[in-house]
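The structure under discussion appears below in the form of structure tokens.
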Amino acid sequence: MLKLLSLSRDRYWLNNKKTIKKRQKKTEMKKQDAVNVKLYDLTHTEAAKLFEETEYPWEVLPLIKEFILEYGKSLSQKEYEHPAEDVWIHKSAKVFPSAYIAGPCIIGEDTEVRHCAFIRGSAFIGKGCVVGNSTELKNVILFDKVQVPHYNYVGDSILGYKAHMGAGSITSNVKSDKALVKVHFEDGDIETGLKKFGAMLGSSVEIGCGSVLNPGTVIGSNTNVYPLSSVRNAISADSVYKKQGEVAEKR
């Protein structure tokens with residue numbers, strides 16, 4: 001009887017491990033799913049041209065500054081204020097007096113930039129976004145409706161439509177050994193040639209409070225990341241990231 005129970009238990013754990021591995025494999029993103037047209041909804045950014053001219057989103061990062069400088073010159077003076085050199089702010093945007101904004105920067109329609117926000121430059125911020133208290137931005141594109149509302153650092157990163165970063169969550173954009181960043185996919189690595197590369201978030205990604213997105217993180221649309229997570233590599237769309245090695249498909 002004990003032998004039968006032991007065999008049954010062993011079979012159960014063996015089958016369970018196979019199921020976990022099978023589910024885990026599906027949550028690892030492939031290279032083809034990280035191309036711009038699959039990772040992002042390009043109808044929700046006025047910077048769509050940059051993505052149409054490149055294959056992967058991190059290829060956009062070195063182009064953001066010059067794009068803002070050129071695109072800013074084309075903006076209507078009836079719709080945008082030009083309060084400082086290379087800074088354009090939509091007249092419907094709400095910018096609190098204590099916010100610091102360095103150019104080049106574009107802030108879109110109905111966006112709110114709250115107390116003590118620190119925008120260091122090369123920031124293209126879409127429509128209806130929230131840049132919150134003590135949030136720091138540097139060399140970023142925020143698609144429309146992105147929220148980085150409480151104590152976030154977002155550097156050398158691109159956040160897709162309706163992406164949201166919980167309080168205190170950050171992108172880490174430089175490796176501790178200062179090496180060039182690779183992106184790790186299920187079907188191999190891609191050398192980006194970049195020393196500074198934070199995170200690429202697809203549409204409606206939810207990042208839990210206090211999480212760290214390590215250099216070279218790519219997260220597909222509609223994925224949720226648990227609070228206090230340390231995330232690396234490329235995570236498929238429609239997943240739930242619980243911790244390293246434990247990622248489930250959304251049901």
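Letters for chains follow the order of the structure tokens (A, B, ...), residue numbers begin at 1 for each chain, and ligand numbers begin at 1 in the order shown.
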Got a sec: who's within 9 Å of A:Tyr161, counting only C-alpha atoms, leaving out chain neighbours fewer than 3 positions off, as a list in words? Tyr40, Asp41, Leu42, His44, Thr45, Leu142, Phe143, Asp144, Lys145, Val146, Leu201, Gly202, Ser203, Ser204 and Val205 of chain A
Interface rows for stretch 130-210 of chain A against stretch 78-94 of chain A: nearest pair, Å to one decimal, 12 Å, only C-alpha atoms, as JSON lines:
```
{"residue": "A:Val130", "atom": "CA", "partner": "A:Lys94", "partner_atom": "CA", "distance": 9.7}
{"residue": "A:Val131", "atom": "CA", "partner": "A:Lys94", "partner_atom": "CA", "distance": 10.3}
{"residue": "A:Gly132", "atom": "CA", "partner": "A:Lys94", "partner_atom": "CA", "distance": 11.5}
```
Same residues, C-alpha atoms, saved as a PDB file, in the first residue's frame:
```pdb
ATOM      1  CA  VAL A 130       0.272  60.912 -15.931  1.00  0.00           C
ATOM      2  CA  VAL A 131       3.826  61.742 -14.856  1.00  0.00           C
ATOM      3  CA  GLY A 132       3.622  61.693 -11.100  1.00  0.00           C
TER       4      GLY A 132
END
```
Contacts of A:Pro227 at 12 Å or less, counting only C-alpha atoms, minus same-chain residues fewer than 3 places along, as number ranges by chain? A: 165-170, 206-213, 224, 230-231, 240-243
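Compared by their closest atoms to A:Thr217, and using only C-alpha atoms, the residues A:Ala163, A:Val181, A:Val247, A:Leu137 rank with A:Val181 nearest.
For the residues A:Tyr151, A:Phe197, A:Phe118, A:Phe67, ranking by smallest atom-to-atom distance to A:Ile106 using only C-alpha atoms places A:Phe67 first.
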What's around A:Asn139 at 12 Å? Count only C-alpha atoms, leave out sequence neighbours fewer than 4 positions away in its own chain, and write the answer as a VMD selection string. chain A and resid 58 60 to 68 102 to 106 119 to 125 153 to 159 173 196 to 199
Each residue of stretch 30-111 of chain A with at least one atom at most 10 Å from stretch 185-190 of chain A should appear once, together with its nearest atom pair and the corresponding distance in Å (one decimal); atoms considered: only C-alpha atoms; ordering: chain, then increasing residue number; output as JSON lines.
```
{"residue": "A:Lys30", "atom": "CA", "partner": "A:Glu186", "partner_atom": "CA", "distance": 5.3}
{"residue": "A:Lys31", "atom": "CA", "partner": "A:Phe185", "partner_atom": "CA", "distance": 6.1}
{"residue": "A:Gln32", "atom": "CA", "partner": "A:Asp187", "partner_atom": "CA", "distance": 9.5}
{"residue": "A:Asp33", "atom": "CA", "partner": "A:Phe185", "partner_atom": "CA", "distance": 9.7}
{"residue": "A:Ala34", "atom": "CA", "partner": "A:Phe185", "partner_atom": "CA", "distance": 9.2}
```
List every residue of stretch 16-241 of chain A that DSSP, applied to the backbone of this structure, places in helix (DSSP H, G or I), and write the result as a VMD selection string. chain A and resid 16 to 26 31 to 34 36 to 39 42 to 44 48 to 52 57 to 73
Keeping only C-alpha atoms, write those residues as a compact mmCIF listing (two decimals), in the first residue's frame.
```txt
# COMPACT_ATOMS: atom_id res chain seq x y z
CA ASN A 16 2.95 18.43 -12.54
CA LYS A 17 6.54 19.36 -13.46
CA LYS A 18 5.84 18.61 -17.11
CA THR A 19 2.75 20.84 -16.98
CA ILE A 20 4.70 23.69 -15.34
CA LYS A 21 7.48 23.43 -17.93
CA LYS A 22 4.96 23.39 -20.74
CA ARG A 23 3.22 26.48 -19.36
CA GLN A 24 6.54 28.19 -18.66
CA LYS A 25 7.73 27.71 -22.24
CA LYS A 26 4.68 29.52 -23.58
CA LYS A 31 12.15 37.33 -31.28
CA GLN A 32 9.37 37.72 -33.83
CA ASP A 33 6.97 38.89 -31.10
CA ALA A 34 9.25 41.77 -30.09
CA ASN A 36 7.61 47.01 -33.28
CA VAL A 37 4.37 46.21 -35.08
CA LYS A 38 3.65 43.27 -32.75
CA LEU A 39 4.76 44.76 -29.44
CA LEU A 42 1.29 52.41 -33.25
CA THR A 43 -2.05 54.19 -33.62
CA HIS A 44 -1.56 55.53 -30.09
CA ALA A 48 4.84 56.17 -34.93
CA LYS A 49 7.20 57.14 -37.75
CA LEU A 50 10.22 56.17 -35.63
CA PHE A 51 8.86 52.65 -35.17
CA GLU A 52 7.93 52.26 -38.82
CA PRO A 57 11.90 49.09 -30.34
CA TRP A 58 15.33 49.51 -28.71
CA GLU A 59 16.62 50.68 -32.11
CA VAL A 60 14.46 53.78 -31.55
CA LEU A 61 16.29 54.84 -28.35
CA PRO A 62 19.26 56.61 -30.03
CA LEU A 63 16.84 58.48 -32.33
CA ILE A 64 14.48 60.00 -29.77
CA LYS A 65 16.33 63.29 -29.17
CA GLU A 66 16.63 64.30 -32.83
CA PHE A 67 13.05 63.20 -33.55
CA ILE A 68 11.68 65.46 -30.81
CA LEU A 69 13.72 68.42 -32.05
CA GLU A 70 12.39 68.01 -35.59
CA TYR A 71 8.82 67.10 -34.68
CA GLY A 72 8.56 69.97 -32.20
CA LYS A 73 9.15 72.52 -34.98
```
